[in-house]
file query19.cif (mmCIF, C-alpha atoms)
data_upload
#
loop_
_atom_site.label_atom_id
_atom_site.label_comp_id
_atom_site.auth_asym_id
_atom_site.auth_seq_id
_atom_site.Cartn_x
_atom_site.Cartn_y
_atom_site.Cartn_z
CA GLY A 1 -42.79 -19.89 -11.88
CA ILE A 2 -40.51 -18.38 -9.26
CA ILE A 3 -38.46 -15.48 -10.53
CA LYS A 4 -34.98 -15.49 -9.04
CA LYS A 5 -33.55 -12.12 -8.20
CA PRO A 6 -30.07 -11.55 -9.62
CA LYS A 7 -27.35 -11.71 -7.03
CA PRO A 8 -25.64 -8.39 -6.31
CA VAL A 9 -22.27 -8.01 -7.99
CA THR A 10 -19.47 -8.25 -5.43
CA LYS A 11 -16.46 -7.40 -7.53
CA ARG A 12 -13.30 -6.80 -5.53
CA CYS A 13 -10.14 -4.93 -6.43
CA LYS A 14 -7.50 -7.41 -7.56
CA ILE A 15 -4.85 -5.63 -5.49
CA CYS A 16 -6.42 -4.38 -2.24
CA ARG A 17 -9.39 -6.80 -2.21
CA GLN A 18 -11.84 -4.03 -1.30
CA LEU A 19 -15.36 -4.11 -2.72
CA GLU A 20 -15.46 -1.94 -5.84
CA ASP A 21 -18.56 -0.14 -4.68
CA GLU A 22 -18.82 3.61 -4.13
CA ASN A 23 -20.42 2.90 -0.73
CA PHE A 24 -17.39 0.92 0.47
CA ILE A 25 -14.35 2.47 -1.17
CA ASN A 26 -12.55 5.81 -1.08
CA TRP A 27 -10.39 7.14 -3.85
CA TYR A 28 -6.87 8.52 -3.63
CA GLY A 29 -7.02 12.26 -4.32
CA GLY A 30 -3.77 12.46 -6.26
CA HIS A 31 -0.13 13.23 -5.57
CA PRO A 32 0.95 16.27 -3.52
CA ASP A 33 1.99 19.30 -5.57
CA GLY A 34 5.50 18.95 -6.91
CA ALA A 35 5.84 15.31 -5.79
CA GLU A 36 8.84 13.37 -7.07
CA GLU A 37 9.86 9.72 -6.81
CA GLU A 38 11.45 8.44 -3.61
CA MET A 39 15.15 8.29 -4.52
CA GLY A 40 15.15 11.76 -6.04
CA VAL A 41 13.62 13.27 -2.88
CA LEU A 42 15.74 11.33 -0.38
CA PHE A 43 19.09 12.14 -1.96
CA ASN A 44 18.45 15.73 -3.01
CA PRO A 45 20.93 17.62 -0.75
CA SER A 46 18.64 20.66 -0.52
CA ASN A 47 16.02 18.54 1.29
CA GLU A 48 18.50 17.80 4.11
CA LEU A 49 16.96 14.37 4.80
CA ILE A 50 20.19 12.42 5.24
CA ILE A 51 21.79 12.29 8.70
CA GLN A 52 25.50 11.53 8.44
CA SER A 53 26.53 8.30 10.20
CA ASP A 54 29.81 6.47 10.67
CA ASN A 55 27.96 3.16 10.27
CA TYR A 56 27.32 2.52 6.59
CA GLU A 57 24.74 -0.13 7.53
CA ASP A 58 22.47 2.44 9.21
CA ARG A 59 19.22 2.80 7.31
CA LEU A 60 17.95 6.23 6.40
CA VAL A 61 15.18 7.33 8.80
CA VAL A 62 12.81 10.12 7.72
CA LEU A 63 9.51 11.65 8.91
CA LEU A 64 6.43 11.23 6.69
CA ASP A 65 3.66 13.83 6.99
CA SER A 66 0.30 14.38 5.21
CA PHE A 67 0.45 10.84 3.87
CA ASP A 68 -1.88 8.53 1.94
CA VAL A 69 -1.59 4.77 1.38
CA TYR A 70 -3.15 3.44 -1.81
CA CYS A 71 -3.06 0.71 -4.46
CA ASP A 72 -2.39 1.06 -8.20
CA GLU A 73 -6.14 1.10 -8.86
CA GLY A 74 -6.35 4.38 -6.95
CA HIS A 75 -8.11 3.08 -3.82
CA LEU A 76 -7.14 4.32 -0.36
CA VAL A 77 -6.11 1.27 1.68
CA PRO A 78 -5.77 0.73 5.48
CA LEU A 79 -2.32 -0.34 6.69
CA ASN A 80 -3.57 -2.94 9.17
CA THR A 81 -5.68 -5.30 7.06
CA GLY A 82 -2.87 -7.84 6.66
CA LEU A 83 -2.51 -7.10 2.94
CA ILE A 84 1.15 -6.09 3.22
CA ASP A 85 1.87 -9.28 5.20
CA THR A 86 0.47 -11.34 2.30
CA GLY A 87 2.70 -9.61 -0.24
CA ALA A 88 0.19 -7.16 -1.75
CA GLN A 89 1.87 -4.12 -3.31
CA LEU A 90 0.71 -0.88 -1.72
CA LYS A 91 2.19 2.59 -2.15
CA PHE A 92 2.33 5.86 -0.25
CA SER A 93 2.73 9.53 -0.98
CA GLY A 94 3.18 12.50 1.33
CA ILE A 95 5.67 15.08 2.58
CA LEU A 96 9.13 13.94 3.71
CA LYS A 97 10.77 15.85 6.56
CA PRO A 98 14.13 15.51 8.36
CA LEU A 99 13.96 13.23 11.39
CA LEU A 100 15.00 16.03 13.74
CA ASN A 101 12.96 18.80 12.13
CA PRO A 102 9.23 17.95 11.97
CA ASP A 103 8.33 21.64 11.55
CA SER A 104 10.16 22.02 8.25
CA ASP A 105 8.23 22.51 4.98
CA GLY A 106 9.48 19.17 3.71
CA ALA A 107 9.52 17.76 0.18
CA ALA A 108 6.68 15.93 -1.59
CA VAL A 109 7.09 12.29 -2.59
CA LYS A 110 4.90 9.88 -4.57
CA ASP A 111 4.44 6.19 -5.44
CA CYS A 112 6.79 4.73 -2.80
CA ASN A 113 6.48 0.93 -2.65
CA ILE A 114 5.79 -0.33 0.88
CA LEU A 115 7.85 -3.28 2.08
CA SER A 116 6.46 -3.46 5.63
CA TRP A 117 4.90 -1.44 8.43
CA TRP A 118 5.71 -1.66 12.13
CA HIS A 119 5.56 -0.18 15.63
CA SER A 120 8.34 0.98 17.93
CA GLY A 121 8.63 2.96 21.16
CA PHE A 122 8.36 0.13 23.72
CA ASP A 123 10.78 1.66 26.21
CA GLY A 124 8.26 3.07 28.66
CA GLY A 125 8.00 6.52 27.05
CA ASP A 126 4.63 8.02 26.20
CA GLN A 127 4.84 7.84 22.42
CA CYS A 128 4.23 4.93 20.07
CA ILE A 129 5.89 5.25 16.68
CA ILE A 130 4.16 3.81 13.62
CA GLY A 131 6.56 3.25 10.75
CA ILE A 132 6.60 2.27 7.10
CA SER A 133 9.63 0.80 5.36
CA THR A 134 10.67 0.70 1.72
CA ASP A 135 13.80 -0.82 0.21
CA ASP A 136 15.60 2.48 0.74
CA ALA A 137 14.40 4.02 4.03
CA ASP A 138 12.30 3.79 7.19
CA TYR A 139 9.58 6.40 7.68
CA HIS A 140 8.08 7.54 11.00
CA LEU A 141 4.47 8.59 10.42
CA LEU A 142 3.27 12.00 11.55
CA LYS A 143 -0.23 13.13 10.49
CA PRO A 144 -2.18 11.53 7.64
CA SER A 145 -3.84 13.59 4.93
CA ALA A 146 -7.39 14.73 5.68
CA ASN A 147 -8.75 12.02 3.35
CA TYR A 148 -6.71 9.29 5.03
CA ALA A 149 -7.23 10.28 8.68
CA SER A 150 -10.11 7.84 9.32
CA TYR A 151 -7.94 4.93 8.16
CA MET A 152 -5.31 5.66 10.81
CA ARG A 153 -7.58 5.64 13.86
CA ASP A 154 -7.50 1.85 14.20
CA VAL A 155 -3.78 1.76 13.39
CA TRP A 156 -2.92 4.15 16.23
CA GLU A 157 -5.24 2.25 18.56
CA GLU A 158 -3.54 -1.02 17.68
CA GLY A 159 -0.08 0.55 17.96
CA TYR A 160 -0.63 1.70 21.53
CA LEU A 161 -2.20 -1.66 22.40
CA VAL A 162 0.94 -3.48 21.19
CA LYS A 163 3.10 -0.99 23.10
CA TYR A 164 1.18 -1.57 26.34
CA VAL A 165 1.17 -5.38 25.96
CA ILE A 166 4.95 -5.46 25.46
CA GLU A 167 5.65 -3.08 28.33
CA TYR A 168 3.27 -4.98 30.62
CA LEU A 169 4.81 -8.37 29.88
CA SER A 170 8.38 -7.05 29.91
CA ASN A 171 7.94 -5.60 33.38
CA ASP A 172 8.91 -8.34 35.83
CA ASN A 173 7.02 -6.62 38.63
CA GLU A 174 3.83 -6.98 36.63
CA THR A 175 4.16 -10.59 35.60
CA GLU A 176 6.36 -12.42 38.16
CA GLU A 177 5.79 -15.11 35.60
CA GLU A 178 2.36 -16.46 36.33
CA SER A 179 2.27 -19.64 38.39
CA GLU A 180 1.16 -22.74 36.51
CA ASP A 181 -1.91 -23.30 38.64
CA GLU A 182 -3.12 -19.70 38.41
CA GLU A 183 -6.34 -19.28 36.44
CA GLU A 184 -5.67 -17.60 33.12
CA GLU A 185 -8.86 -15.60 33.65
CA GLY A 186 -7.02 -13.69 36.37
CA VAL A 187 -4.08 -13.02 34.06
CA TYR A 188 -6.37 -11.43 31.47
CA GLU A 189 -8.39 -9.45 34.00
CA ARG A 190 -5.23 -7.96 35.52
CA PHE A 191 -4.08 -6.87 32.08
CA LEU A 192 -7.47 -5.25 31.35
CA ASN A 193 -7.17 -3.36 34.62
CA PHE A 194 -3.69 -2.18 33.58
CA LEU A 195 -5.06 -1.11 30.17
CA SER A 196 -7.86 0.90 31.75
CA GLN A 197 -5.26 3.03 33.53
CA GLN A 198 -3.37 3.95 30.34
CA LYS A 199 -4.01 7.28 28.63
CA PRO A 200 -2.66 7.25 25.05
CA PRO A 201 -1.44 10.73 24.06
CA ARG A 202 -3.54 10.82 20.87
CA GLU A 203 -7.03 12.26 20.78
CA GLU A 204 -8.16 9.68 18.18
CA ILE A 205 -7.92 6.84 20.72
CA GLY A 206 -10.71 6.15 23.19
CA GLU A 207 -10.79 3.76 26.14
CA LEU A 208 -8.90 0.48 25.66
CA THR A 209 -11.10 -2.48 26.62
CA SER A 210 -11.44 -6.24 26.09
CA GLU A 211 -13.29 -5.47 22.86
CA THR A 212 -10.27 -3.46 21.69
CA VAL A 213 -7.96 -6.40 22.44
CA VAL A 214 -10.11 -8.90 20.50
CA LYS A 215 -10.61 -6.46 17.62
CA HIS A 216 -6.86 -6.06 17.09
CA ALA A 217 -5.71 -9.50 18.26
CA GLU A 218 -4.53 -10.83 14.89
CA SER A 219 -2.52 -7.75 13.95
CA MET A 220 -1.21 -7.46 17.51
CA ILE A 221 0.07 -11.07 17.53
CA SER A 222 1.67 -10.50 14.12
CA GLN A 223 3.55 -7.51 15.55
CA LEU A 224 4.55 -9.51 18.64
CA ILE A 225 5.97 -12.25 16.38
CA GLY A 226 8.12 -9.63 14.62
CA TYR A 227 9.21 -8.15 17.94
CA GLN A 228 10.16 -11.57 19.32
CA GLU A 229 12.14 -12.50 16.22
CA GLU A 230 14.43 -9.54 16.89
CA ALA A 231 14.68 -10.09 20.66
CA ASP A 232 17.88 -11.32 22.32
CA GLU A 233 17.99 -15.02 23.18
CA ASP A 234 17.94 -14.35 26.92
CA GLU A 235 14.82 -12.18 26.69
CA LYS A 236 11.46 -13.53 27.79
CA ASN A 237 9.42 -15.09 24.97
CA LEU A 238 6.27 -13.00 25.17
CA LEU A 239 4.40 -15.36 22.83
CA GLU A 240 4.59 -18.12 25.45
CA THR A 241 3.15 -16.10 28.33
CA ASN A 242 -0.24 -17.02 29.76
CA LEU A 243 -1.62 -13.61 28.80
CA VAL A 244 -0.81 -13.97 25.10
CA LYS A 245 -2.11 -17.55 25.11
CA LYS A 246 -5.36 -16.30 26.65
CA ILE A 247 -5.69 -13.50 24.09
CA CYS A 248 -5.19 -16.06 21.31
CA GLU A 249 -7.79 -18.37 22.85
CA ILE A 250 -10.40 -15.63 23.19
CA SER A 251 -9.84 -14.26 19.69
CA GLY A 252 -9.21 -17.52 17.80
CA VAL A 253 -5.71 -16.50 16.67
CA HIS A 254 -3.13 -19.26 16.05
CA VAL A 255 0.48 -18.13 16.53
CA ASN A 256 2.13 -21.01 14.63
CA GLN A 257 -0.09 -20.52 11.58
CA MET A 258 0.73 -16.81 11.55
CA LYS A 259 4.47 -17.51 11.83
CA LYS A 260 4.36 -19.87 8.84
CA ALA A 261 2.36 -17.40 6.74
CA LYS A 262 4.72 -14.55 7.60
CA ASN A 263 7.81 -16.60 6.72
CA LYS A 264 6.34 -17.56 3.35
CA VAL A 265 5.69 -13.94 2.46
CA MET A 266 9.17 -12.77 3.41
CA GLU A 267 10.74 -15.66 1.47
CA LYS A 268 8.67 -14.62 -1.54
CA LYS A 269 9.79 -11.00 -1.19
CA GLY A 270 13.37 -12.05 -0.47
CA LYS A 271 13.52 -9.40 2.22
CA LYS A 272 14.00 -9.18 5.95
CA VAL A 273 11.48 -7.15 7.94
CA PRO A 274 13.22 -4.09 9.41
CA LYS A 275 13.88 -4.39 13.11
CA GLN A 276 11.17 -3.20 15.45
CA GLU A 277 13.06 -0.94 17.80
CA LYS A 278 12.43 -0.69 21.47
#

call {"tool": "encode", "arguments": {"input": "query19.cif", "output": "structure tokens"}}
result
Amino acid sequence: GIIKKPKPVTKRCKICRQLEDENFINWYGGHPDGAEEEMGVLFNPSNELIIQSDNYEDRLVVLLDSFDVYCDEGHLVPLNTGLIDTGAQLKFSGILKPLLNPDSDGAAVKDCNILSWWHSGFDGGDQCIIGISTDDADYHLLKPSANYASYMRDVWEEGYLVKYVIEYLSNDNETEEESEDEEEEGVYERFLNFLSQQKPPREEIGELTSETVVKHAESMISQLIGYQEEADEDEKNLLETNLVKKICEISGVHVNQMKKAKNKVMEKKGKKVPKQEK
């Protein structure tokens, strides 16, 4: 008779959903030397991480260097897989530094629970800021650890793509809001031409093309939804522009479905996503 070959085992981590196979997964190398838990590091006066403010509602903002993101099973995990948006619990470790002093030695932190991650820096400057938030602070990411560097390449690429989309659509001279009878093909082609002229100030990022847009479309639309939720009422709704509609059409992304999914997660967490600053 025919002998059936056993199917390969495809066991996935119950937290990060990665295949538990040495060929597909990378392990967290352990906490930095002398690492302490988040609250102890943040509020230790000798670390000088707190900037005095007259507004008690201001959140603490700190720099995070030499960082790793991982799950409780010890697997390194990318930020931009959508896991955090679905409520999965991921953590980070690294070196915390004062916001205004990135050259300081800093203080090591471990096992910080991630609430959300986000982009900011949409004001026309060169830099895109990638941030992580916990219940207690917002962290601007500097350099990842050597082991985690490969996981950040796509995140930086996506971050600058979101930055350029927002700046492109927010610039009235660029959009003149597209006439109804204009072919959407032209809208997309003009944006690709704009992208080709941008030079992100990070060596990890190559040329931004249509393939880049499609590759990051889902995460990009998720970030645009967050950005729009915090926008003033009189600001243009970027999600309703012909360009974003065309990107969704090409990539198969559905804005309304993503909005519903995002709202469910935040209701489950009982938290509000920190504002994505311009």

call {"tool": "resolve_selection", "arguments": {"input": "query19.cif", "expression": "the PyMOL selection byres ((chain A and resi 162-164) around 9)", "output": "ChimeraX atom specification"}}
result
/A:119-124,128,157-161,165-169,194-195,198,220-221,223-224

call {"tool": "atom_distance", "arguments": {"input": "query19.cif", "atom1": "atom CA of Tyr28 of chain A", "atom2": "atom CA of Ala146 of chain A"}}
result
11.2 Å

call {"tool": "resolve_selection", "arguments": {"input": "query19.cif", "expression": "the PyMOL selection byres ((chain A and resi 29-36) around 10)", "output": "list in words"}}
result
Asn26, Trp27, Tyr28, Glu37, Glu38, Met39, Gly40, Val41, Leu42, Ser66, Phe67, Asp68, Tyr70, Gly74, His75, Leu76, Phe92, Ser93, Gly94, Ile95, Ala107, Ala108, Val109, Lys110, Asp111, Cys112, Ser145, Asn147 and Tyr148 of chain A

call {"tool": "resolve_selection", "arguments": {"input": "query19.cif", "expression": "the PyMOL selection byres ((chain A and resi 234-242) around 9)", "output": "list in words"}}
result
Ile166, Leu169, Ser170, Glu177, Glu178, Glu180, Glu184, Val187, Tyr188, Ile221, Leu224, Ile225, Gln228, Ala231, Asp232, Glu233, Leu243, Val244, Lys245, Lys246, Ile247 and Val255 of chain A

call {"tool": "closest_residue", "arguments": {"input": "query19.cif", "among": "A:Leu64, A:Leu192, A:Leu115, A:Cys13", "to": "Gln89 of chain A", "atoms": "all atoms listed in the file"}}
result
A:Leu115

call {"tool": "atom_distance", "arguments": {"input": "query19.cif", "atom1": "atom CA of Ile132 of chain A", "atom2": "atom CA of Leu79 of chain A"}}
result
9.3 Å

call {"tool": "closest_residue", "arguments": {"input": "query19.cif", "among": "A:Ser251, A:Gln257, A:Asn80, A:Ser222", "to": "Ser210 of chain A", "atoms": "only C-alpha atoms"}}
result
A:Ser251

call {"tool": "atom_distance", "arguments": {"input": "query19.cif", "atom1": "atom CA of Cys71 of chain A", "atom2": "atom CA of Ser150 of chain A"}}
result
17.0 Å

call {"tool": "closest_residue", "arguments": {"input": "query19.cif", "among": "A:Asp138, A:Glu20, A:Glu48, A:Asp85", "to": "Val62 of chain A", "atoms": "all atoms listed in the file"}}
result
A:Asp138

call {"tool": "closest_residue", "arguments": {"input": "query19.cif", "among": "A:Glu204, A:Gly186, A:Leu142, A:Met258", "to": "Ala217 of chain A", "atoms": "only C-alpha atoms"}}
result
A:Met258

call {"tool": "closest_residue", "arguments": {"input": "query19.cif", "among": "A:Asn101, A:Ser116, A:Thr209, A:Ser133", "to": "Ile84 of chain A", "atoms": "all atoms listed in the file"}}
result
A:Ser116

call {"tool": "closest_residue", "arguments": {"input": "query19.cif", "among": "A:Asn171, A:Asn47, A:Thr81, A:Asn23", "to": "Tyr151 of chain A", "atoms": "all atoms listed in the file"}}
result
A:Thr81

call {"tool": "decode", "arguments": {"input": "query19.cif", "residues": "segment 239-263 of chain A", "atoms": "N, CA, C and O atoms", "output": "PDB file, in the first residue's frame"}}
result
ATOM      1  N   LEU A 239      -7.638  59.329   5.146  1.00  0.00           N
ATOM      2  CA  LEU A 239      -8.142  57.996   4.787  1.00  0.00           C
ATOM      3  C   LEU A 239      -9.132  58.043   3.624  1.00  0.00           C
ATOM      4  O   LEU A 239      -9.391  57.025   2.976  1.00  0.00           O
ATOM      5  N   GLU A 240      -9.679  59.237   3.362  1.00  0.00           N
ATOM      6  CA  GLU A 240     -10.671  59.356   2.288  1.00  0.00           C
ATOM      7  C   GLU A 240     -10.076  59.911   0.995  1.00  0.00           C
ATOM      8  O   GLU A 240     -10.800  60.144   0.028  1.00  0.00           O
ATOM      9  N   THR A 241      -8.768  60.114   0.961  1.00  0.00           N
ATOM     10  CA  THR A 241      -8.146  60.623  -0.259  1.00  0.00           C
ATOM     11  C   THR A 241      -8.051  59.517  -1.313  1.00  0.00           C
ATOM     12  O   THR A 241      -8.008  58.324  -0.991  1.00  0.00           O
ATOM     13  N   ASN A 242      -8.006  59.927  -2.566  1.00  0.00           N
ATOM     14  CA  ASN A 242      -7.903  58.963  -3.659  1.00  0.00           C
ATOM     15  C   ASN A 242      -6.639  58.121  -3.558  1.00  0.00           C
ATOM     16  O   ASN A 242      -6.636  56.940  -3.916  1.00  0.00           O
ATOM     17  N   LEU A 243      -5.553  58.734  -3.072  1.00  0.00           N
ATOM     18  CA  LEU A 243      -4.298  57.986  -2.967  1.00  0.00           C
ATOM     19  C   LEU A 243      -4.428  56.827  -1.992  1.00  0.00           C
ATOM     20  O   LEU A 243      -4.046  55.688  -2.306  1.00  0.00           O
ATOM     21  N   VAL A 244      -4.959  57.090  -0.807  1.00  0.00           N
ATOM     22  CA  VAL A 244      -5.097  56.024   0.191  1.00  0.00           C
ATOM     23  C   VAL A 244      -6.085  54.957  -0.298  1.00  0.00           C
ATOM     24  O   VAL A 244      -5.867  53.757  -0.112  1.00  0.00           O
ATOM     25  N   LYS A 245      -7.154  55.389  -0.946  1.00  0.00           N
ATOM     26  CA  LYS A 245      -8.100  54.417  -1.505  1.00  0.00           C
ATOM     27  C   LYS A 245      -7.418  53.515  -2.528  1.00  0.00           C
ATOM     28  O   LYS A 245      -7.668  52.313  -2.596  1.00  0.00           O
ATOM     29  N   LYS A 246      -6.540  54.124  -3.351  1.00  0.00           N
ATOM     30  CA  LYS A 246      -5.837  53.347  -4.371  1.00  0.00           C
ATOM     31  C   LYS A 246      -4.858  52.372  -3.733  1.00  0.00           C
ATOM     32  O   LYS A 246      -4.752  51.212  -4.156  1.00  0.00           O
ATOM     33  N   ILE A 247      -4.145  52.817  -2.702  1.00  0.00           N
ATOM     34  CA  ILE A 247      -3.215  51.931  -1.994  1.00  0.00           C
ATOM     35  C   ILE A 247      -3.969  50.744  -1.396  1.00  0.00           C
ATOM     36  O   ILE A 247      -3.520  49.593  -1.465  1.00  0.00           O
ATOM     37  N   CYS A 248      -5.142  51.016  -0.816  1.00  0.00           N
ATOM     38  CA  CYS A 248      -5.961  49.943  -0.237  1.00  0.00           C
ATOM     39  C   CYS A 248      -6.425  48.965  -1.322  1.00  0.00           C
ATOM     40  O   CYS A 248      -6.413  47.740  -1.119  1.00  0.00           O
ATOM     41  N   GLU A 249      -6.809  49.511  -2.463  1.00  0.00           N
ATOM     42  CA  GLU A 249      -7.279  48.667  -3.571  1.00  0.00           C
ATOM     43  C   GLU A 249      -6.158  47.749  -4.072  1.00  0.00           C
ATOM     44  O   GLU A 249      -6.356  46.542  -4.259  1.00  0.00           O
ATOM     45  N   ILE A 250      -4.987  48.312  -4.258  1.00  0.00           N
ATOM     46  CA  ILE A 250      -3.856  47.535  -4.779  1.00  0.00           C
ATOM     47  C   ILE A 250      -3.420  46.451  -3.801  1.00  0.00           C
ATOM     48  O   ILE A 250      -3.077  45.333  -4.192  1.00  0.00           O
ATOM     49  N   SER A 251      -3.459  46.769  -2.514  1.00  0.00           N
ATOM     50  CA  SER A 251      -2.917  45.862  -1.500  1.00  0.00           C
ATOM     51  C   SER A 251      -3.974  44.973  -0.846  1.00  0.00           C
ATOM     52  O   SER A 251      -3.624  44.057  -0.088  1.00  0.00           O
ATOM     53  N   GLY A 252      -5.266  45.245  -1.102  1.00  0.00           N
ATOM     54  CA  GLY A 252      -6.322  44.433  -0.499  1.00  0.00           C
ATOM     55  C   GLY A 252      -6.607  44.770   0.951  1.00  0.00           C
ATOM     56  O   GLY A 252      -7.156  43.946   1.688  1.00  0.00           O
ATOM     57  N   VAL A 253      -6.240  45.964   1.382  1.00  0.00           N
ATOM     58  CA  VAL A 253      -6.478  46.389   2.770  1.00  0.00           C
ATOM     59  C   VAL A 253      -7.857  47.048   2.873  1.00  0.00           C
ATOM     60  O   VAL A 253      -8.256  47.808   1.997  1.00  0.00           O
ATOM     61  N   HIS A 254      -8.584  46.744   3.957  1.00  0.00           N
ATOM     62  CA  HIS A 254      -9.928  47.303   4.171  1.00  0.00           C
ATOM     63  C   HIS A 254      -9.909  48.184   5.422  1.00  0.00           C
ATOM     64  O   HIS A 254      -9.763  47.680   6.543  1.00  0.00           O
ATOM     65  N   VAL A 255     -10.052  49.481   5.237  1.00  0.00           N
ATOM     66  CA  VAL A 255      -9.933  50.437   6.338  1.00  0.00           C
ATOM     67  C   VAL A 255     -10.960  50.172   7.432  1.00  0.00           C
ATOM     68  O   VAL A 255     -10.623  50.139   8.624  1.00  0.00           O
ATOM     69  N   ASN A 256     -12.221  49.976   7.060  1.00  0.00           N
ATOM     70  CA  ASN A 256     -13.274  49.805   8.075  1.00  0.00           C
ATOM     71  C   ASN A 256     -13.048  48.566   8.930  1.00  0.00           C
ATOM     72  O   ASN A 256     -13.283  48.579  10.147  1.00  0.00           O
ATOM     73  N   GLN A 257     -12.589  47.485   8.311  1.00  0.00           N
ATOM     74  CA  GLN A 257     -12.303  46.268   9.076  1.00  0.00           C
ATOM     75  C   GLN A 257     -11.168  46.506  10.064  1.00  0.00           C
ATOM     76  O   GLN A 257     -11.207  46.040  11.206  1.00  0.00           O
ATOM     77  N   MET A 258     -10.157  47.264   9.635  1.00  0.00           N
ATOM     78  CA  MET A 258      -9.031  47.545  10.516  1.00  0.00           C
ATOM     79  C   MET A 258      -9.442  48.442  11.675  1.00  0.00           C
ATOM     80  O   MET A 258      -8.987  48.272  12.807  1.00  0.00           O
ATOM     81  N   LYS A 259     -10.332  49.407  11.406  1.00  0.00           N
ATOM     82  CA  LYS A 259     -10.826  50.287  12.473  1.00  0.00           C
ATOM     83  C   LYS A 259     -11.558  49.481  13.545  1.00  0.00           C
ATOM     84  O   LYS A 259     -11.345  49.664  14.745  1.00  0.00           O
ATOM     85  N   LYS A 260     -12.429  48.575  13.096  1.00  0.00           N
ATOM     86  CA  LYS A 260     -13.198  47.756  14.044  1.00  0.00           C
ATOM     87  C   LYS A 260     -12.279  46.888  14.889  1.00  0.00           C
ATOM     88  O   LYS A 260     -12.437  46.765  16.099  1.00  0.00           O
ATOM     89  N   ALA A 261     -11.292  46.261  14.237  1.00  0.00           N
ATOM     90  CA  ALA A 261     -10.362  45.390  14.956  1.00  0.00           C
ATOM     91  C   ALA A 261      -9.561  46.182  15.983  1.00  0.00           C
ATOM     92  O   ALA A 261      -9.356  45.735  17.118  1.00  0.00           O
ATOM     93  N   LYS A 262      -9.124  47.375  15.594  1.00  0.00           N
ATOM     94  CA  LYS A 262      -8.322  48.210  16.486  1.00  0.00           C
ATOM     95  C   LYS A 262      -9.135  48.650  17.704  1.00  0.00           C
ATOM     96  O   LYS A 262      -8.654  48.643  18.832  1.00  0.00           O
ATOM     97  N   ASN A 263     -10.399  49.016  17.467  1.00  0.00           N
ATOM     98  CA  ASN A 263     -11.267  49.451  18.568  1.00  0.00           C
ATOM     99  C   ASN A 263     -11.519  48.323  19.564  1.00  0.00           C
ATOM    100  O   ASN A 263     -11.544  48.537  20.771  1.00  0.00           O
TER     101      ASN A 263
END
